[in-house]
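*Asks:* coords36.csv is the file, holding CSV, C-alpha atoms:
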chain,number,residue,atom,x,y,z
A,1,MET,CA,9.3,124.1,19.6
A,2,ASN,CA,10.4,124.0,23.3
A,3,PRO,CA,7.5,125.5,25.3
A,4,CYS,CA,10.0,127.1,27.7
A,5,GLN,CA,11.6,129.0,24.8
A,6,ARG,CA,9.2,131.9,24.9
A,7,PHE,CA,9.8,132.3,28.7
A,8,LYS,CA,13.5,132.9,28.2
A,9,GLU,CA,12.9,136.4,27.0
A,10,SER,CA,10.7,137.1,30.0
A,11,ILE,CA,13.4,135.8,32.3
A,12,PHE,CA,15.9,138.2,30.7
A,13,ASP,CA,13.4,141.0,31.2
A,14,LEU,CA,12.8,140.0,34.7
A,15,VAL,CA,16.5,140.2,35.7
A,16,ASP,CA,16.6,143.6,34.0
A,17,ASN,CA,13.5,144.7,35.9
A,18,GLU,CA,11.8,145.4,32.7
A,19,LEU,CA,9.0,142.8,32.9
A,20,ASP,CA,5.4,144.2,32.9
A,21,ILE,CA,3.0,142.8,35.5
A,22,PRO,CA,0.9,140.5,33.2
A,23,ARG,CA,4.0,138.8,31.8
A,24,ARG,CA,5.5,138.6,35.2
A,25,LYS,CA,2.4,136.8,36.6
A,26,GLU,CA,2.5,134.4,33.6
A,27,LEU,CA,6.2,133.7,34.2
A,28,GLU,CA,5.8,133.2,37.9
A,29,SER,CA,3.0,130.6,37.4
A,30,HIS,CA,5.2,128.9,34.8
A,31,LEU,CA,8.2,128.8,37.1
A,32,LYS,CA,6.2,127.0,39.8
A,33,THR,CA,5.9,124.0,37.5
A,34,CYS,CA,9.2,124.2,35.4
A,35,THR,CA,12.4,123.3,37.1
A,36,ALA,CA,14.4,124.0,33.9
A,37,CYS,CA,13.3,127.6,33.7
A,38,THR,CA,13.8,128.1,37.4
A,39,ARG,CA,17.3,126.9,37.0
A,40,PHE,CA,17.8,129.1,34.0
A,41,LEU,CA,16.6,132.1,35.9
A,42,ALA,CA,19.0,131.3,38.8
A,43,GLN,CA,21.9,130.9,36.4
A,44,ILE,CA,21.2,134.2,34.6
A,45,ARG,CA,20.9,136.0,38.0
A,46,ASN,CA,24.1,134.5,39.1
A,47,LEU,CA,25.8,135.4,35.8
A,48,ARG,CA,24.8,139.1,36.2
A,49,SER,CA,26.0,139.0,39.8
A,50,GLN,CA,29.3,137.5,38.9
A,51,CYS,CA,29.8,140.0,36.1
A,52,SER,CA,29.1,142.9,38.3
A,53,GLN,CA,31.5,141.6,40.9
A,54,LEU,CA,34.5,141.1,38.6
A,55,SER,CA,37.5,142.7,40.3
A,56,ARG,CA,38.7,145.9,39.0
A,57,VAL,CA,41.8,146.5,36.9
A,58,LYS,CA,44.2,148.8,38.7
A,59,VAL,CA,45.2,151.9,36.8
A,60,SER,CA,48.9,152.4,36.9
A,61,GLU,CA,50.5,155.2,38.8
A,62,GLU,CA,52.1,156.5,35.7
A,63,PHE,CA,48.8,156.9,34.0
A,64,HIS,CA,48.5,160.6,34.8
A,65,ILE,CA,52.1,161.3,34.0
A,66,LEU,CA,51.9,159.7,30.6
A,67,LEU,CA,48.6,161.4,29.9
A,68,ARG,CA,50.1,164.8,30.8
A,69,GLU,CA,53.1,164.1,28.6
A,70,ARG,CA,50.9,163.2,25.7
A,71,ILE,CA,48.9,166.4,26.1
A,72,ARG,CA,52.1,168.4,26.3
A,73,ARG,CA,53.4,166.8,23.2
A,74,GLU,CA,50.1,167.5,21.4
A,75,MET,CA,50.2,171.1,22.5
A,76,ALA,CA,53.8,171.5,21.5
A,77,GLY,CA,53.1,170.0,18.1
A,78,LYS,CA,50.3,172.3,17.6
A,79,ARG,CA,52.5,175.3,18.2
A,80,ALA,CA,55.3,174.1,16.1
A,81,VAL,CA,53.3,173.0,13.0
A,82,PHE,CA,50.8,175.1,11.2
A,83,SER,CA,47.8,174.1,13.3
A,84,PRO,CA,46.5,170.9,11.6
A,85,SER,CA,43.7,170.4,14.0
A,86,ILE,CA,42.2,173.9,14.0
A,87,SER,CA,38.5,174.2,13.5
A,88,PHE,CA,36.8,174.6,10.2
A,89,SER,CA,36.3,178.3,10.8
A,90,GLY,CA,40.0,178.6,11.7
A,91,ARG,CA,40.9,177.1,8.4
A,92,LEU,CA,38.7,179.6,6.5
A,93,ILE,CA,40.7,182.6,7.6
A,94,PRO,CA,44.0,181.7,5.9
A,95,ALA,CA,42.1,180.3,2.9
A,96,PHE,CA,40.3,183.6,2.5
A,97,GLY,CA,43.6,185.5,2.8
A,98,ILE,CA,45.2,183.4,0.1
A,99,MET,CA,42.2,183.9,-2.1
A,100,VAL,CA,42.4,187.7,-1.7
A,101,VAL,CA,46.1,187.7,-2.6
A,102,VAL,CA,45.4,185.6,-5.7
A,103,ILE,CA,42.7,188.0,-6.8
A,104,CYS,CA,44.8,191.1,-6.2
A,105,LEU,CA,47.7,189.5,-8.1
A,106,GLY,CA,45.3,188.8,-11.0
A,107,PHE,CA,44.1,192.4,-11.1
A,108,TRP,CA,47.7,193.6,-11.0
A,109,MET,CA,48.6,191.4,-13.9
A,110,LEU,CA,45.6,192.6,-15.9
A,111,ASP,CA,46.7,196.2,-15.1
A,112,GLN,CA,50.1,195.5,-16.5
A,113,LYS,CA,48.5,194.1,-19.6
A,114,THR,CA,50.8,191.1,-19.6
A,115,SER,CA,50.4,187.4,-19.6
A,116,PHE,CA,52.7,184.7,-18.4
A,117,PHE,CA,51.9,182.6,-21.4
A,118,GLU,CA,52.6,184.8,-24.3
A,119,PRO,CA,56.2,185.9,-24.7
A,120,SER,CA,55.2,188.6,-27.3
A,121,SER,CA,53.3,190.5,-24.6
A,122,ASN,CA,56.3,190.3,-22.3
A,123,LYS,CA,57.1,193.9,-23.1
A,124,MET,CA,57.1,197.0,-21.2
A,125,THR,CA,56.7,200.5,-22.6
A,126,VAL,CA,59.3,202.9,-21.2
A,127,SER,CA,58.0,206.0,-22.7
A,128,GLN,CA,59.7,209.4,-23.0
A,129,MET,CA,62.9,208.0,-21.5
A,130,PRO,CA,66.2,209.1,-23.0
A,131,LEU,CA,67.8,205.8,-22.0
A,132,ILE,CA,70.4,205.8,-24.6
A,133,GLU,CA,72.4,208.6,-26.0
A,134,GLN,CA,72.5,207.2,-29.5
A,135,GLU,CA,69.2,208.7,-30.6
A,136,ASP,CA,69.7,207.4,-34.1
A,137,PHE,CA,70.1,203.9,-33.0
A,138,GLU,CA,67.3,201.5,-34.0
A,139,GLY,CA,67.4,197.9,-32.9
A,140,GLU,CA,68.1,195.9,-29.8
A,141,ILE,CA,70.4,197.0,-27.1
A,142,GLN,CA,71.3,195.0,-24.1
A,143,TYR,CA,71.7,196.5,-20.7
A,144,VAL,CA,72.5,195.2,-17.3
A,145,ILE,CA,71.1,196.4,-14.1
A,146,ASP,CA,73.2,196.2,-11.0
A,147,ASP,CA,70.5,194.4,-9.0
A,148,TYR,CA,69.6,191.8,-11.6
A,149,ARG,CA,71.6,189.0,-13.0
A,150,SER,CA,69.8,188.7,-16.4
A,151,PRO,CA,70.6,191.3,-19.0
A,152,VAL,CA,67.7,193.5,-20.1
A,153,SER,CA,67.1,193.9,-23.8
A,154,ILE,CA,65.6,197.2,-25.0
A,155,SER,CA,64.7,197.8,-28.6
A,156,ARG,CA,63.6,201.0,-30.1
A,157,SER,CA,60.7,200.9,-32.4
A,158,SER,CA,60.5,203.6,-35.1
A,159,GLU,CA,56.8,203.3,-35.4
A,160,GLU,CA,56.3,204.4,-31.9
A,161,GLY,CA,58.4,207.5,-32.2
A,162,GLU,CA,60.2,208.2,-29.0
A,163,THR,CA,58.9,205.2,-27.2
A,164,PHE,CA,61.3,202.6,-26.2
A,165,ILE,CA,60.0,199.0,-25.9
A,166,ALA,CA,61.8,196.9,-23.3
A,167,GLU,CA,61.7,193.2,-23.9
A,168,THR,CA,62.4,192.0,-20.5
A,169,ASP,CA,61.5,189.1,-18.3
A,170,SER,CA,59.5,191.3,-16.1
A,171,VAL,CA,62.5,192.5,-14.1
A,172,LEU,CA,61.7,196.1,-14.7
A,173,ARG,CA,58.1,196.1,-13.9
A,174,GLY,CA,57.1,197.9,-10.9
A,175,LEU,CA,60.3,199.9,-10.7
A,176,GLU,CA,60.4,203.6,-10.9
A,177,GLN,CA,61.5,204.9,-14.2
A,178,ASP,CA,64.2,207.1,-12.7
A,179,TYR,CA,65.6,204.1,-10.8
A,180,ILE,CA,65.8,202.1,-14.1
A,181,GLN,CA,67.4,205.0,-16.0
A,182,ASN,CA,70.1,205.4,-13.4
A,183,ARG,CA,70.9,201.7,-13.1
A,184,LEU,CA,70.9,200.6,-16.8
A,185,THR,CA,74.4,200.1,-18.2
A,186,PRO,CA,74.7,199.3,-21.9
A,187,VAL,CA,76.7,196.1,-22.6
A,188,SER,CA,76.4,195.9,-26.3
A,189,PHE,CA,75.3,197.8,-29.3
B,1,MET,CA,26.2,144.5,46.4
B,2,GLY,CA,29.5,142.9,45.6
B,3,PHE,CA,33.0,143.8,46.9
B,4,ALA,CA,33.9,145.7,43.8
B,5,LEU,CA,32.0,148.9,43.2
B,6,LEU,CA,30.3,148.9,39.9
B,7,ASP,CA,31.9,151.2,37.5
B,8,LYS,CA,28.9,153.3,36.7
B,9,ARG,CA,27.9,153.4,40.4
B,10,LYS,CA,31.4,154.4,41.3
B,11,ILE,CA,31.0,157.4,39.1
B,12,GLU,CA,27.7,158.3,40.6
B,13,THR,CA,29.1,157.8,44.1
B,14,GLN,CA,32.0,160.1,43.3
B,15,LYS,CA,29.6,162.7,42.1
B,16,LYS,CA,27.4,162.5,45.2
B,17,ALA,CA,30.4,162.5,47.5
B,18,SER,CA,29.9,166.2,47.9
B,19,GLN,CA,26.7,168.0,47.5
B,20,ASN,CA,28.5,170.6,45.5
B,21,ALA,CA,30.2,168.1,43.3
B,22,PRO,CA,29.7,169.2,39.7
B,23,THR,CA,28.0,167.0,37.2
B,24,ASP,CA,30.0,165.7,34.2
B,25,GLU,CA,28.2,168.1,32.0
B,26,GLU,CA,29.1,171.0,34.2
B,27,LEU,CA,32.7,169.9,34.2
B,28,ILE,CA,33.0,169.6,30.4
B,29,ASN,CA,31.2,172.9,30.1
B,30,ARG,CA,33.8,174.5,32.4
B,31,PHE,CA,36.6,172.9,30.5
B,32,GLN,CA,35.1,174.3,27.2
B,33,GLN,CA,35.4,177.7,28.9
B,34,GLY,CA,39.1,177.0,29.5
B,35,ASP,CA,39.1,175.6,33.0
B,36,VAL,CA,41.8,172.9,32.8
B,37,TYR,CA,41.2,171.8,36.4
B,38,ALA,CA,37.7,170.6,35.3
B,39,PHE,CA,39.5,168.4,32.8
B,40,GLU,CA,41.6,166.9,35.6
B,41,GLN,CA,38.4,166.1,37.5
B,42,ILE,CA,37.0,164.4,34.4
B,43,VAL,CA,40.1,162.3,34.1
B,44,HIS,CA,40.0,161.4,37.8
B,45,ARG,CA,36.3,160.4,37.5
B,46,TYR,CA,36.5,158.3,34.4
B,47,LYS,CA,40.0,156.8,34.1
B,48,GLU,CA,39.2,153.7,36.1
B,49,PRO,CA,35.8,152.9,34.7
B,50,LEU,CA,37.1,153.4,31.1
B,51,VAL,CA,40.3,151.3,31.7
B,52,ASN,CA,38.1,148.5,33.0
B,53,PHE,CA,35.7,148.9,30.0
B,54,ILE,CA,38.5,148.8,27.4
B,55,TYR,CA,40.3,146.0,29.2
B,56,HIS,CA,37.6,143.6,28.1
B,57,PHE,CA,38.4,144.4,24.5
B,58,VAL,CA,42.2,144.6,24.4
B,59,GLY,CA,42.9,142.0,27.1
B,60,ASN,CA,45.8,143.8,29.0
B,61,ARG,CA,46.1,146.8,31.2
B,62,ILE,CA,48.9,148.5,29.2
B,63,ASP,CA,46.9,148.6,26.0
B,64,ALA,CA,43.8,149.5,27.9
B,65,GLU,CA,45.5,152.5,29.5
B,66,ASP,CA,46.9,153.5,26.1
B,67,VAL,CA,43.4,153.6,24.6
B,68,VAL,CA,42.0,155.5,27.5
B,69,GLN,CA,44.8,158.0,27.4
B,70,GLU,CA,44.0,158.5,23.7
B,71,THR,CA,40.4,158.9,24.7
B,72,PHE,CA,41.2,161.7,27.1
B,73,LEU,CA,43.5,163.3,24.6
B,74,ARG,CA,40.6,163.4,22.1
B,75,VAL,CA,38.4,164.9,24.8
B,76,PHE,CA,41.1,167.5,25.4
B,77,LYS,CA,41.5,168.3,21.7
B,78,LYS,CA,37.9,168.1,20.6
B,79,LYS,CA,36.2,169.4,23.7
B,80,ASN,CA,34.2,171.9,21.7
B,81,LEU,CA,32.6,169.1,19.7
B,82,TYR,CA,30.7,168.0,22.8
B,83,ARG,CA,27.1,169.3,22.8
B,84,SER,CA,25.1,169.3,26.0
B,85,VAL,CA,22.2,167.5,24.3
B,86,ALA,CA,23.9,164.2,25.0
B,87,LYS,CA,25.1,162.8,28.3
B,88,PHE,CA,28.8,163.3,28.8
B,89,SER,CA,29.3,159.6,29.8
B,90,THR,CA,27.7,158.5,26.6
B,91,TRP,CA,30.0,160.7,24.6
B,92,ILE,CA,33.2,159.6,26.3
B,93,TYR,CA,32.3,156.0,26.2
B,94,THR,CA,31.5,156.3,22.5
B,95,ILE,CA,35.0,157.8,21.9
B,96,ALA,CA,36.6,155.0,23.9
B,97,SER,CA,34.6,152.3,22.2
B,98,ASN,CA,35.5,153.5,18.8
B,99,LEU,CA,39.2,153.8,19.7
B,100,ALA,CA,39.1,150.2,21.1
B,101,LYS,CA,37.6,149.0,17.9
B,102,THR,CA,40.3,150.8,15.9
B,103,GLU,CA,42.9,149.2,18.0
B,104,LEU,CA,41.5,145.8,17.4
B,105,ARG,CA,41.4,146.3,13.7
B,106,ARG,CA,45.0,147.5,13.8
B,107,ARG,CA,45.9,144.3,15.6
B,108,ARG,CA,44.1,142.2,13.2
B,109,ARG,CA,45.9,143.8,10.3
B,110,ARG,CA,49.3,143.2,12.0
B,111,ARG,CA,48.3,139.7,13.0
B,112,ILE,CA,49.4,140.2,16.5
B,113,LEU,CA,48.6,137.5,19.1
B,114,SER,CA,44.9,136.8,19.3
B,115,LEU,CA,43.4,138.2,22.4
B,116,SER,CA,42.4,134.9,23.8
B,117,GLN,CA,46.1,133.8,23.7
B,118,MET,CA,47.2,136.9,25.6
B,119,GLY,CA,45.6,135.9,28.8
B,120,TYR,CA,44.8,138.0,31.8
B,121,GLU,CA,47.6,138.7,34.0
B,122,ASP,CA,47.0,138.5,37.7
B,123,LYS,CA,48.9,141.6,38.5
B,124,ASP,CA,46.3,143.6,36.6
B,125,TYR,CA,43.7,142.9,39.1
B,126,GLU,CA,43.0,144.6,42.4
B,127,LEU,CA,42.2,141.7,44.7
B,128,PRO,CA,39.8,142.6,47.5
B,129,ASP,CA,41.2,142.7,51.0
B,130,HIS,CA,38.5,140.7,52.6
B,131,PHE,CA,39.5,137.5,50.9
B,132,SER,CA,41.9,136.8,53.7
B,133,SER,CA,41.9,133.1,53.1
B,134,PRO,CA,44.4,132.1,50.4
B,135,ASP,CA,42.2,129.2,49.3
B,136,LYS,CA,39.2,131.5,48.8
B,137,ALA,CA,41.3,134.0,47.1
B,138,ILE,CA,42.6,131.4,44.6
B,139,GLU,CA,39.2,130.0,44.1
B,140,ARG,CA,37.8,133.5,43.4
B,141,LYS,CA,40.7,134.3,41.1
B,142,THR,CA,40.2,131.1,39.1
B,143,LYS,CA,36.5,131.7,38.8
B,144,GLU,CA,37.1,135.3,37.6
B,145,GLN,CA,39.6,134.2,35.0
B,146,THR,CA,37.1,131.6,33.7
B,147,ILE,CA,34.4,134.2,33.4
B,148,ARG,CA,36.7,136.8,31.8
B,149,LYS,CA,37.9,134.2,29.3
B,150,GLU,CA,34.3,133.4,28.3
B,151,ILE,CA,33.4,137.0,28.0
B,152,GLU,CA,36.6,137.5,25.9
B,153,ALA,CA,35.6,134.6,23.7
B,154,LEU,CA,32.2,136.2,22.8
B,155,PRO,CA,31.9,137.7,19.3
B,156,ALA,CA,32.7,141.4,19.5
B,157,LYS,CA,29.1,142.5,18.9
B,158,PHE,CA,27.9,140.5,21.9
B,159,LYS,CA,30.9,141.3,24.1
B,160,GLU,CA,30.6,145.0,23.9
B,161,VAL,CA,26.9,145.1,24.9
B,162,VAL,CA,27.4,142.5,27.7
B,163,VAL,CA,30.3,144.5,29.1
B,164,LEU,CA,28.4,147.7,28.9
B,165,ARG,CA,25.2,146.2,30.4
B,166,ASP,CA,26.3,143.6,33.0
B,167,ILE,CA,29.7,145.0,34.0
B,168,GLN,CA,29.5,148.7,33.5
B,169,GLU,CA,25.7,148.7,34.2
B,170,PHE,CA,24.6,151.1,31.5
B,171,SER,CA,20.9,151.3,30.6
B,172,TYR,CA,19.8,149.8,27.3
B,173,GLU,CA,19.1,153.4,26.0
B,174,GLU,CA,22.6,154.5,26.9
B,175,ILE,CA,24.1,151.5,25.2
B,176,SER,CA,22.1,152.2,22.1
B,177,GLN,CA,23.5,155.8,22.0
B,178,ILE,CA,27.0,154.8,22.8
B,179,LEU,CA,27.2,152.1,20.0
B,180,ASN,CA,24.7,153.9,17.7
B,181,ILE,CA,22.6,150.8,17.2
B,182,PRO,CA,18.8,150.4,17.7
B,183,LEU,CA,17.5,149.7,21.2
B,184,GLY,CA,15.9,146.3,20.0
B,185,THR,CA,19.3,145.2,18.6
B,186,VAL,CA,21.0,146.0,21.9
B,187,LYS,CA,18.5,144.0,23.9
B,188,SER,CA,18.7,141.1,21.5
B,189,ARG,CA,22.5,141.1,21.5
B,190,VAL,CA,22.7,141.3,25.3
B,191,ASN,CA,20.4,138.3,25.7
B,192,ARG,CA,22.2,136.3,23.1
B,193,GLY,CA,25.5,137.1,24.7
B,194,ARG,CA,24.2,136.1,28.1
B,195,LEU,CA,22.8,132.9,26.7
B,196,ARG,CA,26.2,131.9,25.3
B,197,LEU,CA,27.8,132.7,28.7
B,198,GLN,CA,25.2,130.7,30.5
B,199,LYS,CA,25.8,127.7,28.3
B,200,HIS,CA,29.6,127.8,28.8
B,201,LEU,CA,29.6,128.7,32.4
B,202,GLN,CA,27.0,126.2,33.7
B,203,HIS,CA,29.4,124.5,36.0
B,204,LEU,CA,30.1,127.8,37.8
B,205,LEU,CA,26.6,129.3,37.7
B,206,ASP,CA,25.0,126.3,39.4
B,207,LYS,CA,27.0,126.8,42.6
In structure tokens, what does this structure look like?

*Replies:*
Amino acid sequence: MNPCQRFKESIFDLVDNELDIPRRKELESHLKTCTACTRFLAQIRNLRSQCSQLSRVKVSEEFHILLRERIRREMAGKRAVFSPSISFSGRLIPAFGIMVVVICLGFWMLDQKTSFFEPSSNKMTVSQMPLIEQEDFEGEIQYVIDDYRSPVSISRSSEEGETFIAETDSVLRGLEQDYIQNRLTPVSF
Amino acid sequence: MGFALLDKRKIETQKKASQNAPTDEELINRFQQGDVYAFEQIVHRYKEPLVNFIYHFVGNRIDAEDVVQETFLRVFKKKNLYRSVAKFSTWIYTIASNLAKTELRRRRRRRILSLSQMGYEDKDYELPDHFSSPDKAIERKTKEQTIRKEIEALPAKFKEVVVLRDIQEFSYEEISQILNIPLGTVKSRVNRGRLRLQKHLQHLLDK
């Protein structure tokens, strides 16, 4: 192995001002007798000097204008779109809101004792409502409501006495009974 | 000291220009509180050093400025991610360095011209005034181009540390933080990079 090899690291440390005193003394005594290492040290020092003196790249005059434009675009985008870069805590708020809405919807559906998946439960009890004049009629009658396109089928069940069961696609749910009564128009029986 | 102010020293000089000049950390802190003028000062302080830093990676001024603008945009958008435990300069150089690497990866994917083929355009440089003699100016320019080409030809892992250490004059500890690599690795890479440059530039370095 080249005996000068181990001094190269010391030379690099020397130009970085990171060489401790014992190693520095050892290097200095070596340099007195070694022209190759002396030349190497001079070259590394020159290299550092040349690198530090490299001329600078001019920043264009448009730099600021373009940067401002970019920032403006970014800000405009933020306002226009539902903030994609909002912080984690900022994302939690709408997520929490959606969760609350879903839970409320779930409770409401449970309250209505209905399910979206079972058509048989897609019924609404309209109790004590003289919806039709033909009291004797038993079976299915279709009605239309002014506000809804789909006809509403209502059947009377004898087992349930005066109770009318409305087989609907949920259009009647949530509406006041008086409102339904006034709007229903029989289309067939 | 050479004709061109060292980038890091230029930042320090700008800071010390006035006794009341705020530190980088104070500026970003003010910006975090909503002071946009503090951001302007950060841009003013860092645009040139960063463009010069990125230039060594991308090889031309336009792309370097583009990367630096993106760096400032990130600082603008993510200002609250900065924590005062780190130096601001380390943080912003880390962002710039990562963006430069992304840009280089994008280029590699698109198989654009290799950087060494792009060359360094003379118009990008700010030639010092005191090279009044045209001969000296040409000689200096030729020498610079040779050095830049050799730096450019270094493998990326050597180039980034050599640029940060010998051109931007960051400490080894700062480089270690910017690039997120161990201190020993930084030193080893700097020395290996210098060794390569020394071998290829012997004809210039002996003068």

*Asks:* Just need the residues of chain A within 8 Å of chain B, counting all atoms listed in the file, so spit them out as a list in words.

*Replies:*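 Therefore, the residues near the partner are Glu9, Phe12, Ala42, Gln43, Ile44, Asn46, Leu47, Arg48, Ser49, Cys51, Ser52, Gln53, Leu54, Ser55, Arg56, Val57, Lys58, Val59, Phe63, Leu66, Leu67, Arg70 and Ile71 of chain A.
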
*Asks:* Is there a way to get, as a PyMOL selection string, all residues within 7 Å of the point (35.0, 153.4, 27.3) in file coordinates, counting all atoms listed in the file?

*Replies:* chain B and resi 50+53-54+92-97

*Asks:* In Å, rounded to a single decimal, give me how far CA of Val58 in chain B is from CA of Glu152 in chain B.

*Replies:*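 Result for CA of Glu152 in chain B versus CA of Val58 in chain B: 9.2 Å, one decimal.
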
*Asks:* Identify the residues around (39.0, 171.8, 33.6) within a radius of 12 Å, measuring from all atoms listed in the file in the coordinates stated by the file, and give them as a VMD selection string.

*Replies:* chain B and resid 22 24 to 44 75 to 76 79

*Asks:* Do you have the CA of Arg45 in chain B-CA of Gln177 in chain B distance handy?

*Replies:*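 Answer for the CA of Arg45 in chain B to CA of Gln177 in chain B separation: 20.6 Å.
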
*Asks:* Quick check, in Å to one decimal: how far apart do CA of Lys87 in chain B and CA of Val161 in chain B lie?

*Replies:* 18.1 Å
